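Peer 1: Submitted below is the structure of interest, expressed as structure tokens.
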Amino acid sequence: MLNLMRKKAGSWMIKVILALIVVVFTFWGVGGFSNRQKTVVAKVNGIPIGYDEYKRAYSDLLDQLKRQFGNSLNDETIKMLGVENQALDRIINRHLMLAEAKRLGFRVSDEELMETIQSIPAFQRNGVFDRDGYQRVVNQLHLTPEAFEQDYRDSMLIENLRLFVTDKVKVSENEARQWYDWQDARVSIEYLMVDPAAYTGIEPTKEELAAYYKKNQDHYKTEPKVKVRYVRFDARDYKDRTDIPADEIRDYYDAHTDEFSTPKTVEARHIIIKVAADADDAAVEKARARLLEVLEKARKGEDFAELARTYSEGPSRNRGGLLGTFKKEDMVAPFSEKAFSMKAGDISEPVRTRFGWHLIKVEKVNPATIDPFESVADKIKSKLATGKARELAYDAAESFLDLVFESEDLMQVAEERKVKVRTTDFFGRQGPTEIDTGRAAFSSAAFGLKNHEVSDIIELGNDFCLLQLEETQPEAVPPLADVIDRVRTDWVKMRQDEKAREAADALLAELKKGKSMPEVGKAAGLSLQTTPFFKRNEPIPGIGSEAGISREAFLLTARKKIGDQVIKGQKGYYLIGLKERKAPDAAGFSAREDAIVKRLKGQKRRERYNAFLARLRKNSKIEKMLNQSR
């Protein structure tokens, strides 16, 4: 069902329902799919899972990855992520969860089901359930209300079981404090870095190049290429065939008021006295006292903008503290909450944020507005027409594909249906340049085909296409002469890296003999660097994001001040020592305790759910037959 819903996603109502069914379960690794297929890809306690269900799960997972990776998603990434197995596991998990919910006696009554469905905004008109609208959406899904409601009931059962398993998780204050102390600890380190690029004048012999190339020739292989013919169904060609009823336009407007609303905004100035988020009470109060003196001047009539130029410590001081016009979510919560509760001309009491203490002066309040229906009706109609045109394009592609399967001759069907067939040049995994939107999906499908095989329907933005593999060029090892410059560059980098590593190892040996970091660095002609304080998951100032260095830095102590290994980083080889360690400020925990508890609860819930699911899988008979089903 979900795959069909996604293909028909030009309809705004279907997008809403798709989100309601899919989003909750994506996080927990289960999806919502009907069981309408013949070929078996797996069995769960003897219950078969069909290939059609697997294909829908695979398509939905691939769509999620496309949104995450964009055009960088290619066949290699898909294989690396194990998308095929992930999709199959999602279906298996759903079957297990549904069976367990039923075994434990969970049920969703007809009243609960209908109450939930009737509360979905996509099925409402003016806040009231619209049975005709509901029937219209279900019809667009090519489903009966009974089939849709069964799928939705199953999803509710699984969600009820998940809540039963995870909702009793607790996090103690001690656990939260331990996490805070671990997460917010800070260190400063000193380090020496041996740069491989410092080793110059390295030249290989012909024999060394030949030996290196022979050993690493797979690295220089040309990529495989394919040539395909394809037919494309452009949604724009179907737009003049659409008919959008007036009530559907109104339904869309009523359900998407945010789209036609301009939120309330405020234009304001501020004066900030900076104080660190983890400052002690004395420093916090001192900064507040300074700001109260400025507030007194403002209330006596002194110009707020001039006061900002004189006293503010923020980047807006040169503009008289002017922040411009902003929405509530544009500012940190304490600041925005106060600003949006004020009237034009008001000046606030001091407001504390993680940046310091603020005085806020509201210059102007712009109330929220909503465009009248009449002014946006044409725009909505065009948008819905585009969605319906997309549906028609998909239907045409689906009809074409059915005929190809029957005749097994794409060219013949194209000639009979008067559909243009295009042929690409040979292209690699990056896809053909003639395909703009959806190139990664096009390429992934092409490289997944056997000779003369026809693909499933591929989405290219609002369009759809079918591919047929015409010819392949396998990967090949080129002659050394064709890649000699690349081989020479790689050989030199290898030798530079080896020399840098040897030098770093020698320096570490001197440190282990008891020599100091400055002494060892000076003897080697290296500059000893010191970092400011940094936290575990922050980039290291002067070094960058180096997980290995950060991990080693937080293992250092007063008794073990020098790292006992050379660390390879992006710029070279590092030797590190502890300069200073700083514990988190105790006062900061109180301000963050609720957020930390919430985070740890989420983590514990995921762990408990995963453990529960692992037990279900361990105690079930699961047979995977995906490869045999192809």
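Residues are named by chain letter and number: chains run A, B, ... in the order of the structure tokens, numbers start at 1 in each chain, and ligands are numbered from 1 in the order shown.
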Which residues are near Asp278 in chain A? Cut-off 12 Å, only C-alpha atoms, ignore same chain within fewer than 6 positions. Put them as number ranges by chain.

Peer 2: A: 184-185, 284, 353-356, 582-592

Peer 1: List the spatial neighbours of Asn216 in chain A as a PyMOL selection string - criterion: any atom at most 12 Å away, only C-alpha atoms, same-chain residues fewer than 4 positions off excluded.

Peer 2: chain A and resi 209-212+220-221+477+480+486-487+490-491+494

Peer 1: Keeping C-alpha atoms for every residue in the selection just given, could you write it to a file as an mmCIF file, in the first residue's frame?

Peer 2:
```cif
data_model
loop_
_atom_site.group_PDB
_atom_site.id
_atom_site.type_symbol
_atom_site.label_atom_id
_atom_site.label_comp_id
_atom_site.auth_asym_id
_atom_site.auth_seq_id
_atom_site.Cartn_x
_atom_site.Cartn_y
_atom_site.Cartn_z
ATOM 1 C CA LEU A 209 56.564 2.180 -10.112
ATOM 2 C CA ALA A 210 55.975 -1.078 -11.955
ATOM 3 C CA ALA A 211 56.009 -3.087 -8.722
ATOM 4 C CA TYR A 212 53.664 -0.629 -6.997
ATOM 5 C CA TYR A 220 43.287 1.929 -11.245
ATOM 6 C CA LYS A 221 40.619 -0.142 -12.935
ATOM 7 C CA VAL A 477 42.861 -2.745 -15.803
ATOM 8 C CA LEU A 480 50.554 1.395 -16.793
ATOM 9 C CA ARG A 486 48.450 8.874 -11.001
ATOM 10 C CA VAL A 487 50.663 5.938 -10.045
ATOM 11 C CA ASP A 490 50.291 7.748 -5.248
ATOM 12 C CA TRP A 491 53.726 6.154 -4.823
ATOM 13 C CA MET A 494 52.913 6.410 0.149
#
```

Peer 1: Can you pull out every residue within 9 Å of range 414-420 of chain A, counting only C-alpha atoms, but drop anything in the same chain fewer than 5 positions away, and send it as a PyMOL selection string?

Peer 2: chain A and resi 230-233+400+404+409

Peer 1: CA of Glu453 in chain A to CA of Gln468 in chain A: how many Å, to one decimal?

Peer 2: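 Interatomic distance here is 5.5 Å.
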
Peer 1: Residues near Gly320 in chain A, anyone? I mean within 9 Å using only C-alpha atoms, not counting same-chain ones fewer than 2 positions away, as a PyMOL selection string.

Peer 2: chain A and resi 269-271+304-310+312+316-318+322

Peer 1: Those same residues, written as a CSV table (one decimal), in the first residue's frame with C-alpha atoms?

Peer 2:
```csv
chain,number,residue,atom,x,y,z
A,269,ARG,CA,16.8,45.9,19.3
A,270,HIS,CA,18.7,44.5,22.2
A,271,ILE,CA,21.6,45.2,24.5
A,304,PHE,CA,18.1,52.8,23.4
A,305,ALA,CA,20.0,52.6,20.2
A,306,GLU,CA,22.8,54.9,21.6
A,307,LEU,CA,22.9,52.9,24.8
A,308,ALA,CA,23.4,49.7,22.7
A,309,ARG,CA,26.3,51.4,20.8
A,310,THR,CA,27.9,52.2,24.1
A,312,SER,CA,26.2,46.2,24.2
A,316,SER,CA,24.7,44.3,16.6
A,317,ARG,CA,26.1,47.1,18.7
A,318,ASN,CA,27.2,49.1,15.7
A,322,LEU,CA,19.0,46.4,15.8
```

Peer 1: Quick check, in Å to one decimal: how far apart do CA of Leu161 in chain A and CA of Tyr609 in chain A lie?

Peer 2: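 Straight-line distance from CA of Leu161 in chain A to CA of Tyr609 in chain A works out to 9.9 Å.
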
Peer 1: In terms of the shortest atom-to-atom distance over only C-alpha atoms, which of A:Val275, A:Ile543, A:Ile347, A:Val266 is closest to Arg290 in chain A?

Peer 2: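 Answer, going by the shortest atom-to-atom distance: A:Val275.
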
Peer 1: Would you mind reading off the distance between CA of Val228 in chain A and CA of His452 in chain A, one decimal, in Å?

Peer 2: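 Between these atoms lies a distance of 8.8 Å.
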
Peer 1: Neighbours of Ser375 in chain A within 12 Å (only C-alpha atoms; same-chain residues fewer than 5 positions away dropped), as a list in words?

Peer 2: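 The neighbour list is Tyr253, Phe260, Ile370, Ile380 and Lys381 of chain A.
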
Peer 1: Using the chain letters and numbers from this document, which residues of range 166-331 of chain A does DSSP assign to strand (DSSP E), as a PyMOL selection string?

Peer 2: chain A and resi 186-194+225-233+261-262+265-274+322-327

Peer 1: For Gly127 in chain A, list every protein, DNA or RNA residue within 10 Å, evaluated using only C-alpha atoms, and leave out those in the same chain fewer than 6 positions away; present the list as a PDB file with N, CA and C atoms, in the first residue's frame.

Peer 2:
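Heads up, here's the output in result_7.pdb:
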```
ATOM      1  N   GLN A 118     -10.715   9.437  11.863  1.00  0.00           N
ATOM      2  CA  GLN A 118     -11.511  10.655  11.713  1.00  0.00           C
ATOM      3  C   GLN A 118     -10.788  11.893  12.216  1.00  0.00           C
ATOM      4  N   SER A 119      -9.724  11.694  13.014  1.00  0.00           N
ATOM      5  CA  SER A 119      -8.966  12.844  13.514  1.00  0.00           C
ATOM      6  C   SER A 119      -7.861  13.273  12.561  1.00  0.00           C
ATOM      7  N   ILE A 120      -7.635  12.509  11.491  1.00  0.00           N
ATOM      8  CA  ILE A 120      -6.590  12.857  10.519  1.00  0.00           C
ATOM      9  C   ILE A 120      -7.043  14.092   9.739  1.00  0.00           C
ATOM     10  N   PRO A 121      -6.274  15.182   9.758  1.00  0.00           N
ATOM     11  CA  PRO A 121      -6.694  16.417   9.074  1.00  0.00           C
ATOM     12  C   PRO A 121      -7.023  16.214   7.599  1.00  0.00           C
ATOM     13  N   ASP A 254      -8.148  24.434   3.431  1.00  0.00           N
ATOM     14  CA  ASP A 254      -8.523  24.265   4.841  1.00  0.00           C
ATOM     15  C   ASP A 254      -7.504  23.436   5.609  1.00  0.00           C
ATOM     16  N   ALA A 255      -6.880  22.472   4.930  1.00  0.00           N
ATOM     17  CA  ALA A 255      -5.927  21.581   5.605  1.00  0.00           C
ATOM     18  C   ALA A 255      -4.509  22.127   5.627  1.00  0.00           C
TER      19      ALA A 255
END
```

Peer 1: Could you pull the residues within 8 Å of Arg581 in chain A, counting only C-alpha atoms, minus those fewer than 5 positions along the same chain, as a list in words?

Peer 2: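 Contacts, with the query itself left out: Ala185, Arg186, Val187 and Ser188 of chain A.
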
Peer 1: Would you mind telling me which residue in A:Phe464, A:Ala99, A:Lys388, A:Val413 lies nearest to Ile435 in chain A when using only C-alpha atoms?

Peer 2: A:Phe464

Peer 1: For Ser59 in chain A, which of A:Ile457, A:Ala476, A:Leu410, A:Ile549 is the closest residue, counting only C-alpha atoms?

Peer 2: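 Closest candidate: A:Ile457.
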
Peer 1: Go through range 154-248 of chain A and flag each residue having an atom no more than 12 Å from range 522-535 of chain A; for those, report the closest pair of atoms plus their distance in Å to one decimal, using only C-alpha atoms, ordered by chain and rising number, as JSON lines.

Peer 2:
```
{"residue": "A:Tyr180", "atom": "CA", "partner": "A:Lys535", "partner_atom": "CA", "distance": 11.5}
{"residue": "A:Asp181", "atom": "CA", "partner": "A:Lys535", "partner_atom": "CA", "distance": 10.9}
{"residue": "A:Trp182", "atom": "CA", "partner": "A:Lys535", "partner_atom": "CA", "distance": 9.4}
{"residue": "A:Gln183", "atom": "CA", "partner": "A:Lys535", "partner_atom": "CA", "distance": 7.2}
{"residue": "A:Asp184", "atom": "CA", "partner": "A:Lys535", "partner_atom": "CA", "distance": 6.1}
{"residue": "A:Ala185", "atom": "CA", "partner": "A:Lys535", "partner_atom": "CA", "distance": 6.0}
{"residue": "A:Arg186", "atom": "CA", "partner": "A:Lys535", "partner_atom": "CA", "distance": 4.7}
{"residue": "A:Val187", "atom": "CA", "partner": "A:Phe533", "partner_atom": "CA", "distance": 5.0}
{"residue": "A:Ser188", "atom": "CA", "partner": "A:Phe533", "partner_atom": "CA", "distance": 4.5}
{"residue": "A:Ile189", "atom": "CA", "partner": "A:Thr531", "partner_atom": "CA", "distance": 5.6}
{"residue": "A:Glu190", "atom": "CA", "partner": "A:Thr530", "partner_atom": "CA", "distance": 4.2}
{"residue": "A:Tyr191", "atom": "CA", "partner": "A:Gln529", "partner_atom": "CA", "distance": 5.4}
{"residue": "A:Leu192", "atom": "CA", "partner": "A:Leu528", "partner_atom": "CA", "distance": 5.4}
{"residue": "A:Met193", "atom": "CA", "partner": "A:Leu526", "partner_atom": "CA", "distance": 7.5}
{"residue": "A:Val194", "atom": "CA", "partner": "A:Leu526", "partner_atom": "CA", "distance": 7.7}
{"residue": "A:Asp195", "atom": "CA", "partner": "A:Leu526", "partner_atom": "CA", "distance": 9.8}
{"residue": "A:Ala198", "atom": "CA", "partner": "A:Leu526", "partner_atom": "CA", "distance": 11.1}
```
